[in-house]
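J.: I'm passing along data10.cif; it holds mmCIF, C-alpha atoms.
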data_target
loop_
_atom_site.label_atom_id
_atom_site.label_comp_id
_atom_site.auth_asym_id
_atom_site.auth_seq_id
_atom_site.Cartn_x
_atom_site.Cartn_y
_atom_site.Cartn_z
CA MET A 1 147.44 108.74 27.39
CA ALA A 2 146.75 112.16 25.79
CA GLN A 3 150.42 113.06 26.21
CA GLN A 4 151.35 109.87 24.37
CA HIS A 5 149.00 110.88 21.55
CA HIS A 6 150.56 114.30 21.12
CA GLU A 7 154.08 112.92 20.93
CA MET A 8 153.24 111.78 17.38
CA THR A 9 153.18 113.93 14.27
CA SER A 10 150.37 116.37 13.59
CA THR A 11 148.73 113.91 11.22
CA GLY A 12 148.12 111.61 14.15
CA ALA A 13 149.96 108.40 13.32
CA GLY A 14 153.71 108.34 12.98
CA THR A 15 155.03 109.51 9.60
CA GLY A 16 151.95 108.68 7.52
CA THR A 17 148.77 110.66 7.03
CA ALA A 18 145.72 110.19 9.22
CA GLY A 19 143.89 108.50 6.35
CA GLU A 20 146.75 106.07 5.77
CA ALA A 21 146.95 105.11 9.43
CA LEU A 22 143.19 104.64 9.69
CA THR A 23 143.11 102.65 6.46
CA ALA A 24 145.91 100.34 7.62
CA TYR A 25 144.17 99.62 10.94
CA LEU A 26 140.75 98.96 9.42
CA GLN A 27 142.21 96.75 6.71
CA ASP A 28 144.12 94.73 9.32
CA GLN A 29 140.90 94.18 11.28
CA ALA A 30 138.93 93.35 8.14
CA THR A 31 141.57 90.80 7.18
CA GLU A 32 141.34 89.25 10.65
CA PHE A 33 137.54 89.15 10.34
CA LEU A 34 137.74 87.31 7.01
CA ARG A 35 140.46 84.93 8.25
CA SER A 36 138.36 84.04 11.29
CA LEU A 37 135.30 83.53 9.12
CA ARG A 38 137.23 81.14 6.88
CA LEU A 39 138.50 79.17 9.90
CA HIS A 40 134.97 79.00 11.30
CA ARG A 41 133.61 77.60 8.04
CA GLU A 42 136.44 75.08 7.71
CA SER A 43 136.24 73.76 11.29
CA SER A 44 135.15 70.14 11.64
CA THR A 45 132.31 68.78 13.75
CA ASP A 46 134.41 66.78 16.23
CA ALA A 47 135.43 68.06 19.69
CA GLN A 48 138.61 69.74 18.45
CA GLY A 49 136.76 71.28 15.53
CA ALA A 50 134.07 72.62 17.85
CA GLU A 51 136.70 74.32 20.00
CA GLU A 52 138.36 75.77 16.88
CA SER A 53 134.97 77.02 15.72
CA LEU A 54 134.35 78.78 19.03
CA GLU A 55 137.80 80.39 18.97
CA ALA A 56 137.25 81.53 15.38
CA ALA A 57 133.90 83.03 16.36
CA ARG A 58 135.58 84.89 19.24
CA SER A 59 138.26 86.26 16.90
CA LEU A 60 135.61 87.29 14.41
CA ARG A 61 133.68 89.03 17.17
CA ARG A 62 136.78 90.90 18.37
CA ALA A 63 137.51 92.13 14.84
CA ALA A 64 133.89 93.24 14.39
CA ARG A 65 134.03 95.19 17.67
CA ARG A 66 137.24 96.95 16.68
CA ILE A 67 135.96 97.87 13.23
CA GLY A 68 132.69 99.19 14.69
CA GLY A 69 134.44 101.14 17.44
CA THR A 70 136.88 102.69 14.98
CA LEU A 71 134.06 103.72 12.65
CA HIS A 72 132.44 105.47 15.61
CA THR A 73 135.51 107.32 16.92
CA PHE A 74 136.95 108.41 13.58
CA ARG A 75 133.68 108.89 11.67
CA PRO A 76 134.59 112.44 10.41
CA LEU A 77 137.36 110.85 8.33
CA LEU A 78 135.08 108.21 6.80
CA ASP A 79 132.22 108.21 4.35
CA ALA A 80 129.30 109.07 6.65
CA GLU A 81 126.56 107.03 4.97
CA TRP A 82 128.73 103.94 4.66
CA ALA A 83 129.96 104.08 8.26
CA SER A 84 126.50 104.76 9.74
CA SER A 85 125.02 101.79 7.88
CA LEU A 86 127.80 99.32 8.74
CA ARG A 87 128.25 100.11 12.45
CA PRO A 88 124.86 98.80 13.70
CA GLU A 89 125.26 95.64 11.62
CA LEU A 90 128.64 94.95 13.20
CA ALA A 91 127.13 95.58 16.65
CA TRP A 92 124.32 93.11 15.86
CA LEU A 93 126.81 90.47 14.76
CA SER A 94 129.13 90.96 17.73
CA GLY A 95 126.24 90.83 20.19
CA THR A 96 124.75 87.72 18.61
CA LEU A 97 128.04 85.83 18.64
CA ALA A 98 128.83 86.89 22.22
CA GLN A 99 125.83 85.20 23.81
CA GLU A 100 126.93 81.57 23.68
CA HIS A 101 130.35 82.34 25.16
CA ALA A 102 128.77 84.56 27.83
CA TYR A 103 126.44 81.79 29.02
CA ALA A 104 129.34 79.32 29.22
CA ILE A 105 131.46 81.74 31.26
CA ARG A 106 128.48 82.52 33.51
CA LEU A 107 127.85 78.86 34.26
CA ASP A 108 131.53 78.24 34.99
CA ARG A 109 131.60 81.22 37.35
CA LEU A 110 128.48 80.19 39.24
CA LEU A 111 129.44 76.52 39.61
CA GLU A 112 132.94 77.46 40.78
CA ALA A 113 131.45 79.89 43.30
CA LEU A 114 129.05 77.24 44.62
CA HIS A 115 131.94 74.82 44.98
CA ARG A 116 133.95 77.43 46.87
CA LEU A 117 131.08 78.54 49.10
CA SER A 118 130.00 75.02 50.06
CA GLY A 119 133.52 73.61 50.46
CA PRO A 120 136.24 74.11 53.07
CA SER A 121 137.06 77.72 53.83
CA PRO A 122 140.16 78.85 51.94
CA VAL A 123 143.04 80.70 53.54
CA PRO A 124 141.78 84.30 53.78
CA ALA A 125 143.37 86.99 51.62
CA PRO A 126 144.84 90.09 53.26
CA ALA A 127 142.15 92.37 54.61
CA GLY A 128 140.81 94.83 52.08
CA ASP A 129 142.40 93.16 49.05
CA PRO A 130 139.81 91.77 46.60
CA ARG A 131 142.28 91.17 43.77
CA PRO A 132 142.80 87.44 44.45
CA ALA A 133 139.08 86.97 43.84
CA LEU A 134 139.39 88.63 40.46
CA ALA A 135 142.48 86.65 39.51
CA ALA A 136 140.76 83.39 40.41
CA SER A 137 137.50 84.16 38.60
CA GLY A 138 136.71 81.40 36.16
CA ALA A 139 139.87 79.41 36.97
CA ALA A 140 138.03 76.36 38.21
CA GLY A 141 135.68 76.46 35.24
CA ARG A 142 138.56 76.57 32.78
CA THR A 143 140.24 73.67 34.56
CA ALA A 144 136.98 71.73 34.39
CA ARG A 145 136.68 72.25 30.64
CA GLN A 146 140.31 71.26 30.06
CA ASN A 147 139.81 68.00 31.96
CA GLY A 148 136.44 67.21 30.41
CA TRP A 149 134.43 67.58 33.63
CA ALA A 150 130.79 68.53 33.32
CA GLN A 151 131.10 70.91 36.28
CA PRO A 152 133.22 71.46 39.40
CA PRO A 153 131.91 68.87 41.89
CA VAL A 154 129.91 70.14 44.83
CA PRO A 155 131.39 68.42 47.92
CA SER A 156 129.32 66.36 50.27
CA ALA A 157 128.57 67.52 53.78
CA ALA A 158 130.95 64.89 55.17
CA ASP A 159 133.82 66.07 52.97
CA SER A 160 133.41 69.77 53.59
CA GLY A 161 132.23 70.02 57.16
CA THR A 162 129.26 72.01 55.82
CA PRO A 163 125.79 71.40 57.28
CA ARG A 164 124.03 68.79 55.18
CA GLY A 165 121.12 71.10 54.33
CA LEU A 166 123.47 73.67 52.80
CA ALA A 167 125.43 71.03 50.85
CA VAL A 168 122.21 69.54 49.46
CA GLY A 169 120.93 73.02 48.62
CA ALA A 170 124.17 73.85 46.81
CA ALA A 171 124.01 70.63 44.80
CA LYS A 172 120.42 71.27 43.77
CA ALA A 173 121.22 74.92 42.99
CA ALA A 174 124.08 73.78 40.76
CA ALA A 175 121.80 71.35 38.92
CA LEU A 176 119.14 74.04 38.44
CA LEU A 177 121.66 76.59 37.14
CA GLU A 178 123.21 74.04 34.82
CA ARG A 179 119.82 73.19 33.32
CA GLN A 180 118.81 76.81 32.84
CA LEU A 181 122.12 78.15 31.51
CA THR A 182 122.83 75.13 29.31
CA LEU A 183 119.42 75.59 27.70
CA ALA A 184 120.16 79.30 27.21
CA ARG A 185 123.55 78.49 25.73
CA THR A 186 122.01 75.95 23.33
CA ARG A 187 119.50 78.53 22.15
CA ALA A 188 122.28 81.11 21.73
CA HIS A 189 124.27 78.59 19.67
CA SER A 190 121.28 78.01 17.41
CA THR A 191 120.78 81.76 17.04
CA ALA A 192 124.45 82.19 16.08
CA LEU A 193 124.21 79.42 13.48
CA GLN A 194 121.11 81.04 12.02
CA ALA A 195 122.92 84.36 11.92
CA PHE A 196 125.84 82.85 10.01
CA GLY A 197 123.44 81.54 7.40
CA SER A 198 121.37 84.71 7.08
CA SER A 199 121.40 87.21 4.25
CA ARG A 200 122.05 89.90 6.84
CA PHE A 201 125.34 88.28 7.84
CA HIS A 202 126.39 87.77 4.22
CA ALA A 203 125.78 91.46 3.59
CA VAL A 204 128.03 92.35 6.54
CA ALA A 205 130.73 89.94 5.32
CA ASP A 206 130.56 91.50 1.84
CA HIS A 207 131.03 94.99 3.30
CA VAL A 208 134.02 93.81 5.35
CA ALA A 209 135.52 92.11 2.28
CA VAL A 210 135.37 95.42 0.45
CA LEU A 211 136.87 97.14 3.49
CA ALA A 212 139.86 94.81 3.36
CA SER A 213 140.84 96.26 0.01
CA GLU A 214 139.42 99.78 0.08
CA VAL A 215 138.41 102.06 2.98
CA PRO A 216 135.82 104.70 2.00
CA LEU A 217 137.36 107.92 3.33
CA SER A 218 135.54 111.25 3.43
CA GLY A 219 138.50 113.22 2.14
CA ALA A 220 138.79 115.22 5.37
CA THR A 221 142.34 116.04 6.49
CA GLU A 222 141.59 116.15 10.21
CA SER A 223 144.20 114.63 12.54
CA LEU A 224 143.47 111.42 14.38
CA VAL A 225 144.68 112.85 17.68
CA PRO A 226 141.77 115.23 18.46
CA LEU A 227 139.26 112.50 17.67
CA ALA A 228 141.03 110.04 19.97
CA ASP A 229 141.27 112.74 22.64
CA GLN A 230 137.53 113.33 22.35
CA ALA A 231 136.91 109.62 22.99
CA GLU A 232 139.17 109.85 26.04
CA ALA A 233 137.40 112.99 27.29
CA THR A 234 134.00 111.27 26.99
CA LEU A 235 135.40 108.35 28.97
CA ALA A 236 136.79 110.65 31.67
CA GLU A 237 133.42 112.38 31.98
CA ALA A 238 131.64 109.06 32.44
CA VAL A 239 134.21 107.91 35.03
CA ALA A 240 133.76 111.19 36.93
CA ALA A 241 130.08 110.30 37.36
CA LEU A 242 130.95 107.00 39.09
CA PRO A 243 131.05 106.77 42.90
CA LEU A 244 134.81 106.17 42.90
CA GLY A 245 135.16 107.48 46.43
CA GLN A 246 132.85 104.76 47.70
CA ALA A 247 134.44 102.15 45.45
CA GLY A 248 137.80 103.01 46.99
CA HIS A 249 136.74 101.31 50.21
CA PRO A 250 136.78 97.50 49.81
CA TYR A 251 133.62 95.62 50.73
CA ASN A 252 131.55 98.72 51.40
CA ALA A 253 128.28 96.93 50.51
CA GLY A 254 127.51 99.46 47.77
CA ALA A 255 126.89 96.68 45.26
CA LEU A 256 124.49 95.01 47.71
CA SER A 257 122.44 98.12 48.53
CA HIS A 258 119.58 97.02 46.27
CA GLY A 259 120.09 93.29 46.71
CA LEU A 260 116.64 92.69 48.16
CA ALA A 261 114.77 94.67 45.49
CA PRO A 262 111.70 92.80 44.20
CA THR A 263 112.73 93.25 40.55
CA ASP A 264 115.96 93.46 38.57
CA THR A 265 115.55 97.17 37.84
CA ALA A 266 117.50 98.46 40.85
CA PRO A 267 120.69 96.41 40.26
CA ASP A 268 120.50 97.15 36.54
CA ALA A 269 120.27 100.87 37.21
CA GLN A 270 123.18 100.67 39.63
CA ASP A 271 125.39 98.72 37.21
CA ALA A 272 124.50 100.71 34.09
CA PRO A 273 127.02 103.58 34.62
CA TRP A 274 129.84 101.06 35.11
CA LEU A 275 128.82 99.17 31.97
CA LYS A 276 128.77 102.45 30.06
CA VAL A 277 132.31 103.19 31.23
CA ARG A 278 133.34 99.72 30.09
CA SER A 279 132.07 100.44 26.57
CA LEU A 280 133.74 103.86 26.48
CA LEU A 281 136.99 102.40 27.80
CA ARG A 282 136.93 99.90 24.96
CA LEU A 283 136.45 102.71 22.41
CA SER A 284 139.35 104.63 23.92
CA ARG A 285 141.56 101.53 23.82
CA TYR A 286 140.74 100.90 20.17
CA ALA A 287 141.56 104.53 19.35
CA GLN A 288 144.90 104.10 21.09
CA GLU A 289 145.56 101.01 18.97
CA VAL A 290 144.98 103.04 15.81
CA LEU A 291 147.48 105.66 16.99
CA VAL A 292 150.27 103.58 18.50
CA GLY A 293 149.54 99.95 17.61
CA HIS A 294 148.52 96.95 19.69
CA ASP A 295 151.94 96.45 21.28
CA ARG A 296 152.21 99.95 22.72
CA THR A 297 148.83 100.36 24.36
CA ASP A 298 148.93 101.21 28.06
CA SER A 299 148.89 98.23 30.43
CA ARG A 300 147.00 100.24 33.06
CA ILE A 301 144.13 100.72 30.61
CA ALA A 302 144.15 96.95 30.11
CA ASP A 303 143.98 96.45 33.92
CA ALA A 304 141.01 98.82 34.21
CA SER A 305 139.31 97.13 31.27
CA HIS A 306 139.82 93.68 32.81
CA ALA A 307 138.28 94.84 36.09
CA LEU A 308 135.17 96.05 34.29
CA ASN A 309 134.95 92.82 32.31
CA VAL A 310 134.89 90.94 35.62
CA HIS A 311 132.32 93.46 36.89
CA ARG A 312 129.99 92.65 34.01
CA GLU A 313 130.46 88.89 34.36
CA ALA A 314 129.79 88.97 38.11
CA ALA A 315 126.74 91.23 37.71
CA SER A 316 125.32 88.91 35.04
CA ALA A 317 126.03 85.88 37.23
CA ALA A 318 124.28 87.49 40.18
CA ALA A 319 121.25 88.21 38.00
CA ALA A 320 121.22 84.58 36.83
CA ALA A 321 121.29 83.37 40.45
CA ALA A 322 118.42 85.71 41.31
CA ARG A 323 116.35 84.47 38.37
CA ALA A 324 116.99 80.86 39.36
CA ALA A 325 115.89 81.65 42.93
CA ARG A 326 112.52 82.81 41.56
CA THR A 327 111.89 79.39 40.00
CA PRO A 328 108.51 78.18 41.31
CA ARG A 329 108.36 75.41 43.93
CA ILE A 330 112.09 75.03 44.61
CA ALA A 331 113.16 73.72 48.01
CA PRO A 332 114.02 76.27 50.73
CA ALA A 333 117.60 74.93 50.94
CA THR A 334 118.02 75.50 47.18
CA ALA A 335 116.63 79.02 47.43
CA TYR A 336 118.96 79.73 50.35
CA ALA A 337 122.01 78.50 48.42
CA LEU A 338 121.05 80.66 45.46
CA GLY A 339 120.64 83.66 47.76
CA VAL A 340 124.12 83.14 49.18
CA LEU A 341 125.43 82.76 45.63
CA HIS A 342 123.74 86.01 44.57
CA ALA A 343 125.32 87.88 47.48
CA ASP A 344 128.71 86.38 46.70
CA GLN A 345 128.57 87.57 43.09
CA ARG A 346 127.46 91.06 44.14
CA HIS A 347 130.54 91.11 46.40
CA GLU A 348 132.57 90.21 43.30
CA VAL A 349 130.98 93.21 41.57
CA GLU A 350 132.12 95.36 44.47
CA ALA A 351 135.64 93.90 44.33
CA ALA A 352 135.85 94.68 40.61
CA ARG A 353 134.82 98.29 41.27
CA PHE A 354 137.58 98.54 43.85
CA VAL A 355 140.20 97.21 41.42
CA PHE A 356 138.98 99.56 38.67
CA GLN A 357 139.15 102.54 41.01
CA ARG A 358 142.77 101.79 41.90
CA ALA A 359 143.78 101.18 38.27
CA TRP A 360 142.09 104.36 37.09
CA LEU A 361 143.65 106.54 39.78
CA ARG A 362 147.08 105.08 38.96
CA GLU A 363 146.51 106.04 35.32
CA GLU A 364 145.47 109.59 36.26
CA ALA A 365 148.50 110.00 38.51
CA ARG A 366 150.81 108.75 35.75
CA VAL A 367 149.39 111.20 33.18
CA ARG A 368 149.77 114.12 35.58
#
Can you dump the structure from the file as structure tokens?

T.:
Amino acid sequence: MAQQHHEMTSTGAGTGTAGEALTAYLQDQATEFLRSLRLHRESSTDAQGAEESLEAARSLRRAARRIGGTLHTFRPLLDAEWASSLRPELAWLSGTLAQEHAYAIRLDRLLEALHRLSGPSPVPAPAGDPRPALAASGAAGRTARQNGWAQPPVPSAADSGTPRGLAVGAAKAAALLERQLTLARTRAHSTALQAFGSSRFHAVADHVAVLASEVPLSGATESLVPLADQAEATLAEAVAALPLGQAGHPYNAGALSHGLAPTDTAPDAQDAPWLKVRSLLRLSRYAQEVLVGHDRTDSRIADASHALNVHREAASAAAAAARAARTPRIAPATAYALGVLHADQRHEVEAARFVFQRAWLREEARVR
């Protein structure tokens, strides 16, 4: 990727100056932010309007992330006080809007996994290849939403050949998860609506509206390329701290090593370096977009980013299963089903690490 950066002019972005390239990118993202905000406000209250509202919120969130990431990477070229005040507000907005979608994806993932675990055994994938699991993640949930199902049905013991106790436990686990995550999603939706109506959000929208017409530059003449390379170097340093050698062996149980810990602290500590790499990979990808545009970004970076997105979703799903298993006075069969579900999602975490390791090493080999 660094080689691709240096193939451009010394200013860092084709034939224009660094400031012009940075201005064009930020104004494009600000325009997308404002367009998404308008669509969100104009969406109706029926089913189609609700879906349009969610999609507009996702687009708004993506634009906010890109603006915030660009302000961070290229801050020497921007007015320091303005950038440092806007970045945390964009992060607040993006995080607030992400919660409702995250709970919906988490519920889909967990219900699909329960359906898979309690149903007939699928044809096994080739040994050591976790990629089919990643490709299938969320597929059943998306199909359910498209067809208007409340959730993927948990099969009966007679249909699946599964012992009745396990089938009943899976059904009760699904009902418990649906109650808990639907409540969390409803609360997140209310929080997002409150955010849209707050003075804090209106202040952010006003700043972005100004950004769409004028980008406050610092006047520095520094090239974009060294700043993008610094983001890439920070990413490479964080990746070097990961146990990639262990992740290169599929199903090595690394993600399950703290699975029986009495609290969430051990899994969180284990996942934190991978989540950090995910954030840094996103910053590096946004910097690449500034330099070469959306259409020319490296597909291998996209593959690595997708793997870490799945990693985060599976880790969050495993944590949700563990929290549900600590619900007081649940039946042993329900607790058992939730335990199996937790282990399954930690295996998905492990599979995502394996896919990331292969994508990252392919990228390093290509650059060399």

J.: Could you tell me which residues the PyMOL selection byres ((chain A and resi 181) around 9) grabs in this file, written as a PDB file with C-alpha atoms, keeping the file's coordinate frame?

T.:
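So the final result, stored in out_34.pdb, reads:
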ATOM      1  CA  TYR A 103     126.440  81.790  29.020  1.00  0.00           C
ATOM      2  CA  ALA A 104     129.340  79.320  29.220  1.00  0.00           C
ATOM      3  CA  ARG A 106     128.480  82.520  33.510  1.00  0.00           C
ATOM      4  CA  LEU A 107     127.850  78.860  34.260  1.00  0.00           C
ATOM      5  CA  LEU A 176     119.140  74.040  38.440  1.00  0.00           C
ATOM      6  CA  LEU A 177     121.660  76.590  37.140  1.00  0.00           C
ATOM      7  CA  GLU A 178     123.210  74.040  34.820  1.00  0.00           C
ATOM      8  CA  ARG A 179     119.820  73.190  33.320  1.00  0.00           C
ATOM      9  CA  GLN A 180     118.810  76.810  32.840  1.00  0.00           C
ATOM     10  CA  THR A 182     122.830  75.130  29.310  1.00  0.00           C
ATOM     11  CA  LEU A 183     119.420  75.590  27.700  1.00  0.00           C
ATOM     12  CA  ALA A 184     120.160  79.300  27.210  1.00  0.00           C
ATOM     13  CA  ARG A 185     123.550  78.490  25.730  1.00  0.00           C
ATOM     14  CA  THR A 186     122.010  75.950  23.330  1.00  0.00           C
ATOM     15  CA  ALA A 320     121.220  84.580  36.830  1.00  0.00           C
TER      16      ALA A 320
END

J.: Report as a count of residues only the residues that result from applying the PyMOL selection byres ((chain A and resi 308) around 9) to the structure here.

T.: 19

J.: Closest to A:Arg61 among A:Leu86, A:Leu93, A:Ala318, A:Ala80, using all atoms listed in the file?

T.: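 Using all atoms listed in the file, A:Arg61 sits closest to A:Leu93.
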
J.: Take the PyMOL selection byres ((chain A and resi 335-343) around 6), run it mentally on this structure, and tell me the resulting residues as number ranges by chain.

T.: A: 169-170, 318, 321, 325, 332-334, 344-346

J.: Provide the atom CA of A:Gln27 to atom CA of A:Leu211 distance in Å, to one decimal place.

T.: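 These atoms are spaced 6.2 Å apart.
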
J.: What is the distance between atom CA of A:Ala102 and atom CA of A:Glu42, in Å to one decimal?

T.: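 That distance, rounded to one decimal, is 23.5 Å.
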
J.: Need to verify the contact set: A:Arg62, 12 Å, only C-alpha atoms, exclusion of same-chain residues closer than 2 positions in sequence. Can you return it as a PDB file with C-alpha atoms, keeping the file's coordinate frame?

T.:
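Listed below is the output, out.pdb:
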ATOM      1  CA  GLN A  29     140.900  94.180  11.280  1.00  0.00           C
ATOM      2  CA  ALA A  30     138.930  93.350   8.140  1.00  0.00           C
ATOM      3  CA  GLU A  32     141.340  89.250  10.650  1.00  0.00           C
ATOM      4  CA  PHE A  33     137.540  89.150  10.340  1.00  0.00           C
ATOM      5  CA  LEU A  34     137.740  87.310   7.010  1.00  0.00           C
ATOM      6  CA  SER A  36     138.360  84.040  11.290  1.00  0.00           C
ATOM      7  CA  LEU A  37     135.300  83.530   9.120  1.00  0.00           C
ATOM      8  CA  GLU A  55     137.800  80.390  18.970  1.00  0.00           C
ATOM      9  CA  ALA A  56     137.250  81.530  15.380  1.00  0.00           C
ATOM     10  CA  ALA A  57     133.900  83.030  16.360  1.00  0.00           C
ATOM     11  CA  ARG A  58     135.580  84.890  19.240  1.00  0.00           C
ATOM     12  CA  SER A  59     138.260  86.260  16.900  1.00  0.00           C
ATOM     13  CA  LEU A  60     135.610  87.290  14.410  1.00  0.00           C
ATOM     14  CA  ALA A  64     133.890  93.240  14.390  1.00  0.00           C
ATOM     15  CA  ARG A  65     134.030  95.190  17.670  1.00  0.00           C
ATOM     16  CA  ARG A  66     137.240  96.950  16.680  1.00  0.00           C
ATOM     17  CA  ILE A  67     135.960  97.870  13.230  1.00  0.00           C
ATOM     18  CA  GLY A  68     132.690  99.190  14.690  1.00  0.00           C
ATOM     19  CA  GLY A  69     134.440 101.140  17.440  1.00  0.00           C
ATOM     20  CA  LEU A  90     128.640  94.950  13.200  1.00  0.00           C
ATOM     21  CA  ALA A  91     127.130  95.580  16.650  1.00  0.00           C
ATOM     22  CA  LEU A  93     126.810  90.470  14.760  1.00  0.00           C
ATOM     23  CA  SER A  94     129.130  90.960  17.730  1.00  0.00           C
ATOM     24  CA  GLY A  95     126.240  90.830  20.190  1.00  0.00           C
ATOM     25  CA  LEU A  97     128.040  85.830  18.640  1.00  0.00           C
ATOM     26  CA  ALA A  98     128.830  86.890  22.220  1.00  0.00           C
ATOM     27  CA  ARG A 282     136.930  99.900  24.960  1.00  0.00           C
ATOM     28  CA  TYR A 286     140.740 100.900  20.170  1.00  0.00           C
TER      29      TYR A 286
END

J.: Find, counting all atoms listed in the file, the residue in A:Leu217, A:Trp82, A:Ser284, A:Trp92 that gets nearest to A:Arg200.

T.: A:Trp92

J.: Take atom CA of A:His202 and atom CA of A:Glu289 and report the distance between them in Å, one decimal.

T.: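 Separating atom CA of A:His202 from atom CA of A:Glu289 is a distance of 27.6 Å.
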
J.: May I have the protein, DNA and RNA residues with any atom at most 12 Å from the point (139.6, 118.7, 5.0), counting all atoms listed in the file, written as a PyMOL selection string?

T.: chain A and resi 18-19+76-78+217-223

J.: For A:Ala24, which residue among A:Ala231, A:Val290, A:Ala83, A:Ala315 is the nearest when counting all atoms listed in the file?

T.: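 Once distances to A:Ala24 are computed over all atoms listed in the file, the minimum belongs to A:Val290.
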
J.: Using all atoms listed in the file, which residue out of A:Ser299, A:Thr327, A:Thr96, A:Gln230 lies closest to A:His72?

T.: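 Ranked by minimum distance to A:His72, first place goes to A:Gln230.
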
J.: Counting all atoms listed in the file, which residue out of A:His347, A:Thr31, A:Arg41, A:Glu20 sits closest to A:Ala247?

T.: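 Among A:His347, A:Thr31, A:Arg41, A:Glu20, it is A:His347 that comes nearest to A:Ala247.
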
J.: Counting only C-alpha atoms, figure out which residue out of A:Leu361, A:Ala188, A:Leu71, A:Val168 gets nearest to A:His101.

T.: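 Among A:Leu361, A:Ala188, A:Leu71, A:Val168, it is A:Ala188 that comes nearest to A:His101.
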
J.: Using all atoms of stretch 192-200 of chain A listed in the file and a margin of 8 Å per side, can you give the axis-aligned box centre and edge lengths in Å to one decimal, as AutoDock Vina command-line options?

T.:
--center_x 123.5 --center_y 84.7 --center_z 10.2 --size_x 20.7 --size_y 26.5 --size_z 27.8

J.: At a cut-off of 8 Å, using only C-alpha atoms, what residues contact A:Pro273? Leave out same-chain residues fewer than 5 positions from it and give the result as a JSON list (two decimals) with C-alpha atoms, keeping the file's coordinate frame.

T.:
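around-v7.json was written with the following content:
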[["chain", "number", "residue", "atom", "x", "y", "z"],
["A", 238, "ALA", "CA", 131.64, 109.06, 32.44],
["A", 241, "ALA", "CA", 130.08, 110.30, 37.36],
["A", 242, "LEU", "CA", 130.95, 107.00, 39.09]]
